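> Provided herewith is a single structure, encoded as structure tokens, for subsequent inquiry.
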Number of protein chains: 2
Amino acid sequence: MKTSPTRQQIINAADELFYAQGFGETSFADIAKAVSISRGNFYYHFRTKDEILNAVIEKRLSDRETLLRTWDEMSEDPASRVACFVRILIVNQTKIIAYGCPVGTLTTELAKLDHDAKHKANGIMALFRDWLTGQFRDLGCGAEAEAHALHVLGWSQGVATLAQTFKDEAYVAREVDQILAWVDRVSQKTRPS
Amino acid sequence: MKTSPTRQQIINAADELFYAQGFGETSFADIAKAVSISRGNFYYHFRTKDEILNAVIEKRLSDRETLLRTWDEMSEDPASRVACFVRILIVNQTKIIAYGCPVGTLTTELAKLDHDAKHKANGIMALFRDWLTGQFRDLGCGAEAEAHALHVLGWSQGVATLAQTFKDEAYVAREVDQILAWVDRVSQKTRPS
DNA sequence: GTCTATATAGTGATAGAC
DNA sequence: GTCTATCACTATATAGAC
């Protein structure tokens with residue numbers, strides 16, 4: 001797992017560019033320019049475009065795993081952990097309004113390209129689903145835990161999509177409040193305090 | 001508004017291909033091949049790629065306007081009209097699982113490309129929003145009508161996104177039921193029968 | 001590790017014959 | 001209206017000098 005500084009720079013730049021422009025529309029030249037290296041040098045670090053896509057997906061997956069672990073350690077209450085997840089719609093609002101959800105837009109694009117890496121990208125969405133499922137299970141939702149997880153995940157994805165289309169911050173705030181209220185309702189149904 | 005048969009064929013093929021592969025990844029060669037004409041002939045009908053994108057967006061917009069009008073004429077009850085809208089997630093399930101929502105994925109892609117036509121594409125989403133707003137207004141939701149419209153629209157977009165990612169028909173069915181139940185609740189709150 | 005040059009294939013787009 | 005031939009450009013990718 002040796003990562004040279006240049007390699008890491010390339011991954012970071014590609015991550016940003018794939019998010020802002022999409023994978024298909026980002027060329028090696030774009031990435032090389034962002035890192036201020038030549039196209040030729042680029043190929044020393046990554047032989048193919050698929051190779052760098054894979055590296056970007058792995059970085060994103062790893063970043064999200066770290067984030068989820070942080071939330072796991074931050075609170076003992078599953079409901080407030082889920083709330084952390086939902087609130088990324090607010091925290092990352094500016095970028096989401098500009099480019100949508102980094103995970104949702106990538107999975108959508110790779111599915112259309114029918115790219116080999118699409119299953120790997122879907123894995124990030126699955127990570128969210130499984131983590132959320134765990135939280136709802138801890139809340140005592142039992143067999144409904146995964147359905148609840150998908151509900152929150154899908155709802156968030158929809159908010160991200162419309163946020164990008166209509167650039168409406170009030171809408172985002174409203175929906176986030178509604179999701180949080182829904183989580184509270186579920187939480188109080190299973191553990192009436 | 002003269003539309004030659006070939007021109008119409010091209011628009012239909014481009015519509016399908018833009019949906020299945022995305023706009024950026026669809027070449028003139030792809031479209032020409034689908035219609036069985038030469039690339040050269042293609043340029044007789046459309047001078048630029050933007051021109052055909054515009055034609056496709058206009059077709060999609062027009063198709064949706066027709067669909068909404070059909071629903072308007074089909075029922076007097078705004079709640080069941082909204083139900084028609086939500087149920088397209090079931091009706092078009094196979095394609096949505098394969099390619100996502102034709103409207104949502106196009107707006108997302110054009111936003112990333114920062115393409116001139118992005119506002120035009122957003123207009124289709126706005127058409128849905130405004131039509132839904134009208135239905136909720138007819139339901140007596142007053143000032144909340146547009147918020148309700150965006151709620152249903154965003155929710156549906158999220159379901160489409162996850163449907164494509166996880167290919168889970170049971171999830172789609174479950175969420176559609178939940179949206180319909182939500183609409184019923186809103187409807188009964190304003191007009192308790 | 002980084003560069004310049006180059007090979008190869010595909011893209012959007014044009015010209016002109018039929 | 002449809003075709004073939006062609007142009008200019010950009011893309012991924014490689015070879016080899018430094």
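Every chain in the structure tokens has a letter given in the order shown (A, B, ...), and although residue numbers restart at 1 in each chain, ligands are simply numbered from 1 in the order shown.
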Restrict the distance test to only C-alpha atoms (C1' of nucleotides), flag each residue of chain B within 12 Å of chain C, and return the flagged residues as a PDB file with all heavy atoms, in the first residue's frame.

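Everything below was put into out_1.pdb:
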```
ATOM      1  N   GLY B  24     -23.297  12.099 -23.409  1.00  0.00           N
ATOM      2  CA  GLY B  24     -21.878  12.249 -23.702  1.00  0.00           C
ATOM      3  C   GLY B  24     -21.257  11.038 -24.362  1.00  0.00           C
ATOM      4  O   GLY B  24     -20.349  11.170 -25.189  1.00  0.00           O
ATOM      5  N   GLU B  25     -21.729   9.869 -24.008  1.00  0.00           N
ATOM      6  CA  GLU B  25     -21.127   8.639 -24.526  1.00  0.00           C
ATOM      7  C   GLU B  25     -21.786   8.149 -25.803  1.00  0.00           C
ATOM      8  O   GLU B  25     -21.405   7.115 -26.335  1.00  0.00           O
ATOM      9  CB  GLU B  25     -21.173   7.548 -23.462  1.00  0.00           C
ATOM     10  CG  GLU B  25     -20.323   7.844 -22.235  1.00  0.00           C
ATOM     11  CD  GLU B  25     -18.844   8.014 -22.566  1.00  0.00           C
ATOM     12  OE1 GLU B  25     -18.292   7.178 -23.288  1.00  0.00           O
ATOM     13  OE2 GLU B  25     -18.247   9.013 -22.104  1.00  0.00           O
ATOM     14  N   THR B  26     -22.802   8.864 -26.254  1.00  0.00           N
ATOM     15  CA  THR B  26     -23.460   8.472 -27.498  1.00  0.00           C
ATOM     16  C   THR B  26     -22.893   9.296 -28.650  1.00  0.00           C
ATOM     17  O   THR B  26     -22.942  10.524 -28.626  1.00  0.00           O
ATOM     18  CB  THR B  26     -24.981   8.698 -27.408  1.00  0.00           C
ATOM     19  OG1 THR B  26     -25.502   7.943 -26.307  1.00  0.00           O
ATOM     20  CG2 THR B  26     -25.660   8.245 -28.694  1.00  0.00           C
ATOM     21  N   SER B  27     -22.345   8.624 -29.648  1.00  0.00           N
ATOM     22  CA  SER B  27     -21.756   9.324 -30.788  1.00  0.00           C
ATOM     23  C   SER B  27     -22.742   9.368 -31.954  1.00  0.00           C
ATOM     24  O   SER B  27     -23.721   8.622 -31.985  1.00  0.00           O
ATOM     25  CB  SER B  27     -20.485   8.616 -31.234  1.00  0.00           C
ATOM     26  OG  SER B  27     -20.797   7.356 -31.776  1.00  0.00           O
ATOM     27  N   PHE B  28     -22.445  10.245 -32.900  1.00  0.00           N
ATOM     28  CA  PHE B  28     -23.235  10.296 -34.126  1.00  0.00           C
ATOM     29  C   PHE B  28     -23.247   8.931 -34.798  1.00  0.00           C
ATOM     30  O   PHE B  28     -24.261   8.503 -35.351  1.00  0.00           O
ATOM     31  CB  PHE B  28     -22.642  11.332 -35.077  1.00  0.00           C
ATOM     32  CG  PHE B  28     -23.035  12.730 -34.736  1.00  0.00           C
ATOM     33  CD1 PHE B  28     -23.729  13.020 -33.573  1.00  0.00           C
ATOM     34  CD2 PHE B  28     -22.726  13.771 -35.588  1.00  0.00           C
ATOM     35  CE1 PHE B  28     -24.096  14.310 -33.266  1.00  0.00           C
ATOM     36  CE2 PHE B  28     -23.088  15.067 -35.298  1.00  0.00           C
ATOM     37  CZ  PHE B  28     -23.769  15.341 -34.139  1.00  0.00           C
ATOM     38  N   ALA B  29     -22.111   8.266 -34.746  1.00  0.00           N
ATOM     39  CA  ALA B  29     -22.017   6.941 -35.366  1.00  0.00           C
ATOM     40  C   ALA B  29     -23.022   5.978 -34.734  1.00  0.00           C
ATOM     41  O   ALA B  29     -23.675   5.207 -35.438  1.00  0.00           O
ATOM     42  CB  ALA B  29     -20.598   6.399 -35.220  1.00  0.00           C
ATOM     43  N   ASP B  30     -23.153   6.041 -33.422  1.00  0.00           N
ATOM     44  CA  ASP B  30     -24.116   5.179 -32.726  1.00  0.00           C
ATOM     45  C   ASP B  30     -25.538   5.414 -33.229  1.00  0.00           C
ATOM     46  O   ASP B  30     -26.270   4.468 -33.524  1.00  0.00           O
ATOM     47  CB  ASP B  30     -24.083   5.456 -31.209  1.00  0.00           C
ATOM     48  CG  ASP B  30     -22.785   5.005 -30.558  1.00  0.00           C
ATOM     49  OD1 ASP B  30     -22.142   4.087 -31.108  1.00  0.00           O
ATOM     50  OD2 ASP B  30     -22.419   5.558 -29.507  1.00  0.00           O
ATOM     51  N   ARG B  39     -23.248   8.401 -41.574  1.00  0.00           N
ATOM     52  CA  ARG B  39     -22.939   9.581 -40.768  1.00  0.00           C
ATOM     53  C   ARG B  39     -23.151  10.865 -41.587  1.00  0.00           C
ATOM     54  O   ARG B  39     -23.626  11.864 -41.079  1.00  0.00           O
ATOM     55  CB  ARG B  39     -21.490   9.543 -40.289  1.00  0.00           C
ATOM     56  CG  ARG B  39     -21.304   9.181 -38.838  1.00  0.00           C
ATOM     57  CD  ARG B  39     -19.894   8.688 -38.635  1.00  0.00           C
ATOM     58  NE  ARG B  39     -19.606   7.570 -39.541  1.00  0.00           N
ATOM     59  CZ  ARG B  39     -18.397   7.174 -39.901  1.00  0.00           C
ATOM     60  NH1 ARG B  39     -17.343   7.807 -39.448  1.00  0.00           N
ATOM     61  NH2 ARG B  39     -18.243   6.148 -40.721  1.00  0.00           N
ATOM     62  N   GLY B  40     -22.780  10.777 -42.866  1.00  0.00           N
ATOM     63  CA  GLY B  40     -22.917  11.947 -43.728  1.00  0.00           C
ATOM     64  C   GLY B  40     -24.356  12.408 -43.838  1.00  0.00           C
ATOM     65  O   GLY B  40     -24.665  13.592 -43.678  1.00  0.00           O
ATOM     66  N   ASN B  41     -25.228  11.465 -44.078  1.00  0.00           N
ATOM     67  CA  ASN B  41     -26.650  11.782 -44.195  1.00  0.00           C
ATOM     68  C   ASN B  41     -27.188  12.388 -42.902  1.00  0.00           C
ATOM     69  O   ASN B  41     -28.055  13.266 -42.916  1.00  0.00           O
ATOM     70  CB  ASN B  41     -27.425  10.512 -44.538  1.00  0.00           C
ATOM     71  CG  ASN B  41     -28.899  10.790 -44.791  1.00  0.00           C
ATOM     72  OD1 ASN B  41     -29.291  11.933 -44.938  1.00  0.00           O
ATOM     73  ND2 ASN B  41     -29.686   9.738 -44.829  1.00  0.00           N
ATOM     74  N   PHE B  42     -26.634  11.908 -41.819  1.00  0.00           N
ATOM     75  CA  PHE B  42     -27.042  12.387 -40.504  1.00  0.00           C
ATOM     76  C   PHE B  42     -26.997  13.914 -40.444  1.00  0.00           C
ATOM     77  O   PHE B  42     -27.905  14.567 -39.936  1.00  0.00           O
ATOM     78  CB  PHE B  42     -26.119  11.801 -39.447  1.00  0.00           C
ATOM     79  CG  PHE B  42     -26.602  12.003 -38.058  1.00  0.00           C
ATOM     80  CD1 PHE B  42     -27.246  10.994 -37.377  1.00  0.00           C
ATOM     81  CD2 PHE B  42     -26.435  13.231 -37.435  1.00  0.00           C
ATOM     82  CE1 PHE B  42     -27.716  11.195 -36.098  1.00  0.00           C
ATOM     83  CE2 PHE B  42     -26.895  13.434 -36.151  1.00  0.00           C
ATOM     84  CZ  PHE B  42     -27.548  12.414 -35.484  1.00  0.00           C
ATOM     85  N   TYR B  43     -25.922  14.456 -41.011  1.00  0.00           N
ATOM     86  CA  TYR B  43     -25.697  15.898 -40.916  1.00  0.00           C
ATOM     87  C   TYR B  43     -26.634  16.705 -41.800  1.00  0.00           C
ATOM     88  O   TYR B  43     -26.685  17.924 -41.700  1.00  0.00           O
ATOM     89  CB  TYR B  43     -24.236  16.231 -41.213  1.00  0.00           C
ATOM     90  CG  TYR B  43     -23.337  15.910 -40.052  1.00  0.00           C
ATOM     91  CD1 TYR B  43     -22.804  14.640 -39.889  1.00  0.00           C
ATOM     92  CD2 TYR B  43     -23.060  16.868 -39.089  1.00  0.00           C
ATOM     93  CE1 TYR B  43     -21.990  14.340 -38.818  1.00  0.00           C
ATOM     94  CE2 TYR B  43     -22.251  16.574 -38.016  1.00  0.00           C
ATOM     95  CZ  TYR B  43     -21.719  15.310 -37.885  1.00  0.00           C
ATOM     96  OH  TYR B  43     -20.926  15.018 -36.810  1.00  0.00           O
ATOM     97  N   TYR B  44     -27.319  16.014 -42.680  1.00  0.00           N
ATOM     98  CA  TYR B  44     -28.349  16.710 -43.451  1.00  0.00           C
ATOM     99  C   TYR B  44     -29.514  17.081 -42.529  1.00  0.00           C
ATOM    100  O   TYR B  44     -30.142  18.122 -42.675  1.00  0.00           O
ATOM    101  CB  TYR B  44     -28.838  15.846 -44.611  1.00  0.00           C
ATOM    102  CG  TYR B  44     -30.033  16.410 -45.319  1.00  0.00           C
ATOM    103  CD1 TYR B  44     -29.892  17.437 -46.245  1.00  0.00           C
ATOM    104  CD2 TYR B  44     -31.301  15.918 -45.047  1.00  0.00           C
ATOM    105  CE1 TYR B  44     -30.999  17.967 -46.880  1.00  0.00           C
ATOM    106  CE2 TYR B  44     -32.411  16.448 -45.678  1.00  0.00           C
ATOM    107  CZ  TYR B  44     -32.254  17.463 -46.595  1.00  0.00           C
ATOM    108  OH  TYR B  44     -33.349  17.993 -47.227  1.00  0.00           O
ATOM    109  N   PHE B  46     -29.351  16.988 -38.893  1.00  0.00           N
ATOM    110  CA  PHE B  46     -28.902  17.740 -37.721  1.00  0.00           C
ATOM    111  C   PHE B  46     -27.465  18.190 -37.910  1.00  0.00           C
ATOM    112  O   PHE B  46     -26.572  17.360 -38.104  1.00  0.00           O
ATOM    113  CB  PHE B  46     -29.022  16.882 -36.453  1.00  0.00           C
ATOM    114  CG  PHE B  46     -30.428  16.529 -36.088  1.00  0.00           C
ATOM    115  CD1 PHE B  46     -30.985  15.335 -36.512  1.00  0.00           C
ATOM    116  CD2 PHE B  46     -31.204  17.399 -35.340  1.00  0.00           C
ATOM    117  CE1 PHE B  46     -32.295  15.009 -36.189  1.00  0.00           C
ATOM    118  CE2 PHE B  46     -32.509  17.080 -35.015  1.00  0.00           C
ATOM    119  CZ  PHE B  46     -33.066  15.882 -35.439  1.00  0.00           C
ATOM    120  N   ARG B  47     -27.251  19.482 -37.847  1.00  0.00           N
ATOM    121  CA  ARG B  47     -25.916  20.032 -38.089  1.00  0.00           C
ATOM    122  C   ARG B  47     -24.956  19.782 -36.934  1.00  0.00           C
ATOM    123  O   ARG B  47     -23.763  19.598 -37.135  1.00  0.00           O
ATOM    124  CB  ARG B  47     -26.007  21.541 -38.322  1.00  0.00           C
ATOM    125  CG  ARG B  47     -26.702  21.939 -39.584  1.00  0.00           C
ATOM    126  CD  ARG B  47     -26.887  23.441 -39.591  1.00  0.00           C
ATOM    127  NE  ARG B  47     -26.365  24.060 -40.797  1.00  0.00           N
ATOM    128  CZ  ARG B  47     -27.038  24.116 -41.955  1.00  0.00           C
ATOM    129  NH1 ARG B  47     -28.224  23.570 -42.053  1.00  0.00           N
ATOM    130  NH2 ARG B  47     -26.514  24.701 -43.005  1.00  0.00           N
ATOM    131  N   THR B  48     -25.445  19.818 -35.701  1.00  0.00           N
ATOM    132  CA  THR B  48     -24.566  19.663 -34.537  1.00  0.00           C
ATOM    133  C   THR B  48     -25.185  18.702 -33.530  1.00  0.00           C
ATOM    134  O   THR B  48     -26.370  18.388 -33.605  1.00  0.00           O
ATOM    135  CB  THR B  48     -24.332  21.004 -33.819  1.00  0.00           C
ATOM    136  OG1 THR B  48     -25.566  21.429 -33.239  1.00  0.00           O
ATOM    137  CG2 THR B  48     -23.816  22.080 -34.775  1.00  0.00           C
ATOM    138  N   LYS B  49     -24.360  18.289 -32.598  1.00  0.00           N
ATOM    139  CA  LYS B  49     -24.845  17.370 -31.569  1.00  0.00           C
ATOM    140  C   LYS B  49     -25.813  18.098 -30.634  1.00  0.00           C
ATOM    141  O   LYS B  49     -26.773  17.510 -30.138  1.00  0.00           O
ATOM    142  CB  LYS B  49     -23.649  16.815 -30.780  1.00  0.00           C
ATOM    143  CG  LYS B  49     -23.952  15.464 -30.138  1.00  0.00           C
ATOM    144  CD  LYS B  49     -22.787  14.940 -29.318  1.00  0.00           C
ATOM    145  CE  LYS B  49     -23.165  13.636 -28.628  1.00  0.00           C
ATOM    146  NZ  LYS B  49     -22.124  13.178 -27.691  1.00  0.00           N
ATOM    147  N   ASP B  50     -25.550  19.364 -30.406  1.00  0.00           N
ATOM    148  CA  ASP B  50     -26.441  20.149 -29.561  1.00  0.00           C
ATOM    149  C   ASP B  50     -27.833  20.223 -30.168  1.00  0.00           C
ATOM    150  O   ASP B  50     -28.830  20.230 -29.452  1.00  0.00           O
ATOM    151  CB  ASP B  50     -25.889  21.570 -29.380  1.00  0.00           C
ATOM    152  CG  ASP B  50     -24.609  21.574 -28.567  1.00  0.00           C
ATOM    153  OD1 ASP B  50     -24.177  20.477 -28.148  1.00  0.00           O
ATOM    154  OD2 ASP B  50     -24.039  22.649 -28.352  1.00  0.00           O
TER     155      ASP B  50
END
```
> Considering only C-alpha atoms (C1' of nucleotides), return as a ChimeraX atom specification whatever protein or nucleic-acid residues lie within 9 Å of Asp15 of chain B, sequence-local ones (same chain, fewer than 3 positions apart) excluded.
/B:10-12,18-20,53,56-57,59-60
> Using only C-alpha atoms, which of the listed residues (A:Val86, A:Leu17, A:Ile37, A:Ala143) sits closest to chain B?
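The closest residue to chain B is A:Leu17.
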> For chain D, which residue out of B:Gln135, B:Gln93, B:Gln157, B:Ser38 is the nearest one, using only C-alpha atoms (C1' of nucleotides)?
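Going through B:Gln135, B:Gln93, B:Gln157, B:Ser38 one by one, the smallest distance to chain D is for B:Ser38.
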> Wanna dump the chain D-chain B contacts at 10 Å for me, each residue with its shortest atom pair and the distance in Å to one decimal, counting only C-alpha atoms (C1' of nucleotides), ordered by chain and number, as JSON lines?

```
{"residue": "D:DG1", "atom": "C1'", "partner": "B:Asn41", "partner_atom": "CA", "distance": 7.5}
{"residue": "D:DT2", "atom": "C1'", "partner": "B:Asn41", "partner_atom": "CA", "distance": 5.7}
{"residue": "D:DC3", "atom": "C1'", "partner": "B:Asn41", "partner_atom": "CA", "distance": 7.1}
{"residue": "D:DT4", "atom": "C1'", "partner": "B:Gly40", "partner_atom": "CA", "distance": 8.3}
{"residue": "D:DA5", "atom": "C1'", "partner": "B:Gly40", "partner_atom": "CA", "distance": 10.0}
```
> Could the residues in this selection be saved with N, CA and C atoms (P, O5', C5', C4', C3', O3' and C1' of nucleotides) as a PDB file, in the first residue's frame?

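Result saved to selection-v1.pdb:
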```pdb
ATOM      1  P    DG D   1     -36.746  15.704 -47.606  1.00  0.00           P
ATOM      2  O5'  DG D   1     -35.909  14.358 -47.772  1.00  0.00           O
ATOM      3  C5'  DG D   1     -34.730  14.392 -48.578  1.00  0.00           C
ATOM      4  C4'  DG D   1     -34.276  12.988 -48.756  1.00  0.00           C
ATOM      5  C3'  DG D   1     -33.524  12.437 -47.541  1.00  0.00           C
ATOM      6  O3'  DG D   1     -33.572  11.012 -47.614  1.00  0.00           O
ATOM      7  C1'  DG D   1     -32.006  12.821 -49.290  1.00  0.00           C
ATOM      8  P    DT D   2     -33.139  10.113 -46.390  1.00  0.00           P
ATOM      9  O5'  DT D   2     -31.733   9.528 -46.821  1.00  0.00           O
ATOM     10  C5'  DT D   2     -31.652   8.656 -47.950  1.00  0.00           C
ATOM     11  C4'  DT D   2     -30.245   8.585 -48.492  1.00  0.00           C
ATOM     12  C3'  DT D   2     -29.152   8.297 -47.455  1.00  0.00           C
ATOM     13  O3'  DT D   2     -28.837   6.911 -47.435  1.00  0.00           O
ATOM     14  C1'  DT D   2     -28.467   9.820 -49.199  1.00  0.00           C
ATOM     15  P    DC D   3     -27.588   6.418 -46.567  1.00  0.00           P
ATOM     16  O5'  DC D   3     -26.312   6.677 -47.487  1.00  0.00           O
ATOM     17  C5'  DC D   3     -26.088   5.854 -48.634  1.00  0.00           C
ATOM     18  C4'  DC D   3     -24.960   6.420 -49.475  1.00  0.00           C
ATOM     19  C3'  DC D   3     -23.596   6.394 -48.804  1.00  0.00           C
ATOM     20  O3'  DC D   3     -22.956   5.146 -49.077  1.00  0.00           O
ATOM     21  C1'  DC D   3     -23.973   8.495 -49.944  1.00  0.00           C
ATOM     22  P    DT D   4     -21.622   4.782 -48.252  1.00  0.00           P
ATOM     23  O5'  DT D   4     -20.478   5.602 -49.002  1.00  0.00           O
ATOM     24  C5'  DT D   4     -20.302   5.505 -50.418  1.00  0.00           C
ATOM     25  C4'  DT D   4     -19.129   6.379 -50.838  1.00  0.00           C
ATOM     26  C3'  DT D   4     -17.830   6.100 -50.070  1.00  0.00           C
ATOM     27  O3'  DT D   4     -16.725   6.155 -50.988  1.00  0.00           O
ATOM     28  C1'  DT D   4     -18.456   8.362 -49.754  1.00  0.00           C
ATOM     29  P    DA D   5     -15.245   5.788 -50.474  1.00  0.00           P
ATOM     30  O5'  DA D   5     -14.591   7.234 -50.298  1.00  0.00           O
ATOM     31  C5'  DA D   5     -14.858   8.258 -51.253  1.00  0.00           C
ATOM     32  C4'  DA D   5     -14.201   9.558 -50.826  1.00  0.00           C
ATOM     33  C3'  DA D   5     -12.907   9.371 -50.024  1.00  0.00           C
ATOM     34  O3'  DA D   5     -11.905  10.264 -50.514  1.00  0.00           O
ATOM     35  C1'  DA D   5     -14.427  10.695 -48.795  1.00  0.00           C
TER      36       DA D   5
END
```
> Atom CA of Lys120 of chain A and atom CA of Leu61 of chain A, how far apart in Å?
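Between atom CA of Leu61 of chain A and atom CA of Lys120 of chain A the gap is 9.2 Å.
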> Do a neighbour search on segment 176-192 of chain A at 10 Å with only C-alpha atoms (C1' of nucleotides), toss out local chain neighbours closer than 2 positions, and write the hits as an MDAnalysis selection string.
(chainID A and resid 78:80 82:84 86:90 136 138:142 148 151:152 155:156 159 170:174) or (chainID B and resid 151)
> Using only N, CA, C and O atoms, please write the residues we just selected to a file, as a CSV table (one decimal), in the first residue's frame.

```csv
chain,number,residue,atom,x,y,z
A,78,PRO,N,-28.2,5.2,18.0
A,78,PRO,CA,-28.3,4.9,16.6
A,78,PRO,C,-29.1,6.0,15.9
A,78,PRO,O,-28.7,6.3,14.7
A,79,ALA,N,-30.1,6.5,16.5
A,79,ALA,CA,-30.9,7.6,15.9
A,79,ALA,C,-30.1,8.8,15.6
A,79,ALA,O,-30.2,9.4,14.5
A,80,SER,N,-29.2,9.2,16.5
A,80,SER,CA,-28.4,10.4,16.2
A,80,SER,C,-27.3,10.1,15.2
A,80,SER,O,-26.8,11.0,14.5
A,82,VAL,N,-27.8,8.1,12.6
A,82,VAL,CA,-28.5,8.2,11.3
A,82,VAL,C,-28.7,9.7,11.0
A,82,VAL,O,-28.5,10.1,9.8
A,83,ALA,N,-28.9,10.5,12.0
A,83,ALA,CA,-29.1,11.9,11.8
A,83,ALA,C,-27.8,12.5,11.2
A,83,ALA,O,-27.8,13.4,10.4
A,84,CYS,N,-26.6,12.0,11.7
A,84,CYS,CA,-25.3,12.5,11.1
A,84,CYS,C,-25.3,12.2,9.6
A,84,CYS,O,-24.9,13.1,8.8
A,86,VAL,N,-27.8,11.8,7.5
A,86,VAL,CA,-28.8,12.7,6.8
A,86,VAL,C,-28.3,14.1,6.7
A,86,VAL,O,-28.5,14.7,5.7
A,87,ARG,N,-27.6,14.6,7.7
A,87,ARG,CA,-27.2,16.0,7.7
A,87,ARG,C,-26.0,16.3,6.8
A,87,ARG,O,-25.7,17.4,6.6
A,88,ILE,N,-25.4,15.2,6.2
A,88,ILE,CA,-24.4,15.5,5.2
A,88,ILE,C,-25.0,16.3,4.0
A,88,ILE,O,-24.3,17.0,3.3
A,89,LEU,N,-26.3,16.1,3.8
A,89,LEU,CA,-27.0,16.9,2.8
A,89,LEU,C,-26.9,18.4,3.1
A,89,LEU,O,-26.9,19.2,2.1
A,90,ILE,N,-26.9,18.7,4.3
A,90,ILE,CA,-26.7,20.2,4.7
A,90,ILE,C,-25.2,20.5,4.7
A,90,ILE,O,-24.8,21.6,4.1
A,136,PHE,N,-30.6,0.8,12.3
A,136,PHE,CA,-32.0,0.6,12.5
A,136,PHE,C,-32.2,-0.8,13.3
A,136,PHE,O,-33.2,-0.9,14.0
A,138,ASP,N,-30.1,-1.8,15.5
A,138,ASP,CA,-29.8,-1.4,16.9
A,138,ASP,C,-31.0,-0.6,17.5
A,138,ASP,O,-31.2,-0.6,18.7
A,139,LEU,N,-31.8,0.0,16.7
A,139,LEU,CA,-32.9,0.7,17.2
A,139,LEU,C,-34.1,-0.2,17.5
A,139,LEU,O,-35.1,0.2,18.0
A,140,GLY,N,-33.9,-1.5,17.1
A,140,GLY,CA,-34.9,-2.5,17.4
A,140,GLY,C,-35.9,-2.7,16.3
A,140,GLY,O,-37.0,-3.1,16.5
A,141,CYS,N,-35.5,-2.4,15.1
A,141,CYS,CA,-36.5,-2.5,14.0
A,141,CYS,C,-36.6,-3.9,13.4
A,141,CYS,O,-37.4,-4.1,12.5
A,142,GLY,N,-35.6,-4.7,13.8
A,142,GLY,CA,-35.7,-6.1,13.4
A,142,GLY,C,-35.7,-6.3,11.9
A,142,GLY,O,-34.9,-5.8,11.2
A,148,HIS,N,-36.0,0.2,6.1
A,148,HIS,CA,-35.8,1.5,6.7
A,148,HIS,C,-34.6,2.2,6.1
A,148,HIS,O,-34.5,3.3,5.8
A,151,HIS,N,-35.0,3.2,2.7
A,151,HIS,CA,-35.9,4.3,2.7
A,151,HIS,C,-35.2,5.6,2.9
A,151,HIS,O,-35.3,6.6,2.1
A,152,VAL,N,-34.3,5.7,3.9
A,152,VAL,CA,-33.6,6.9,4.2
A,152,VAL,C,-32.5,7.1,3.1
A,152,VAL,O,-32.4,8.3,2.7
A,155,TRP,N,-34.4,8.3,-0.1
A,155,TRP,CA,-34.9,9.7,0.1
A,155,TRP,C,-33.8,10.7,0.0
A,155,TRP,O,-33.9,11.7,-0.7
A,156,SER,N,-32.7,10.4,0.6
A,156,SER,CA,-31.5,11.3,0.6
A,156,SER,C,-31.0,11.5,-0.9
A,156,SER,O,-30.7,12.6,-1.3
A,159,VAL,N,-33.3,13.9,-2.7
A,159,VAL,CA,-33.1,15.3,-2.3
A,159,VAL,C,-31.9,15.8,-3.0
A,159,VAL,O,-31.9,16.9,-3.5
A,170,ALA,N,-33.8,25.9,0.6
A,170,ALA,CA,-34.9,25.8,1.5
A,170,ALA,C,-35.6,24.4,1.4
A,170,ALA,O,-36.0,23.8,2.4
A,171,TYR,N,-35.6,23.9,0.1
A,171,TYR,CA,-36.1,22.6,-0.1
A,171,TYR,C,-35.3,21.5,0.6
A,171,TYR,O,-35.8,20.7,1.3
A,172,VAL,N,-34.0,21.7,0.5
A,172,VAL,CA,-33.1,20.7,1.2
A,172,VAL,C,-33.3,20.7,2.7
A,172,VAL,O,-33.4,19.7,3.3
A,173,ALA,N,-33.3,21.9,3.2
A,173,ALA,CA,-33.5,22.1,4.7
A,173,ALA,C,-34.8,21.4,5.1
A,173,ALA,O,-34.9,20.7,6.1
A,174,ARG,N,-35.9,21.7,4.3
A,174,ARG,CA,-37.2,21.1,4.7
A,174,ARG,C,-37.2,19.6,4.7
A,174,ARG,O,-37.7,19.0,5.6
B,151,HIS,N,-41.6,17.3,-2.7
B,151,HIS,CA,-41.5,16.1,-1.8
B,151,HIS,C,-41.7,14.8,-2.6
B,151,HIS,O,-40.9,13.9,-2.6
```
> Using only C-alpha atoms (C1' of nucleotides), which residues sit within 9 Å of Leu113 of chain B once same-chain residues fewer than 3 positions away are excluded, as a PyMOL selection string?
(chain A and resi 20-22+25) or (chain B and resi 24+108-110+116+118)
> Between atom CA of Ile97 of chain A and atom CA of Ala163 of chain A, what is the spacing in Å?
5.1 Å
> Using DSSP on the backbone coordinates, identify all residues within chain A classified as alpha helix (DSSP H); present the result as number ranges by chain.
A: 5-21, 28-35, 39-45, 49-74, 78-91, 93-99, 102-113, 118-138, 145-166, 169-190
> Record the distance separating atom CA of Phe166 of chain B and atom CA of Glu146 of chain A, expressed in Å with one decimal.
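The value is 12.7 Å.
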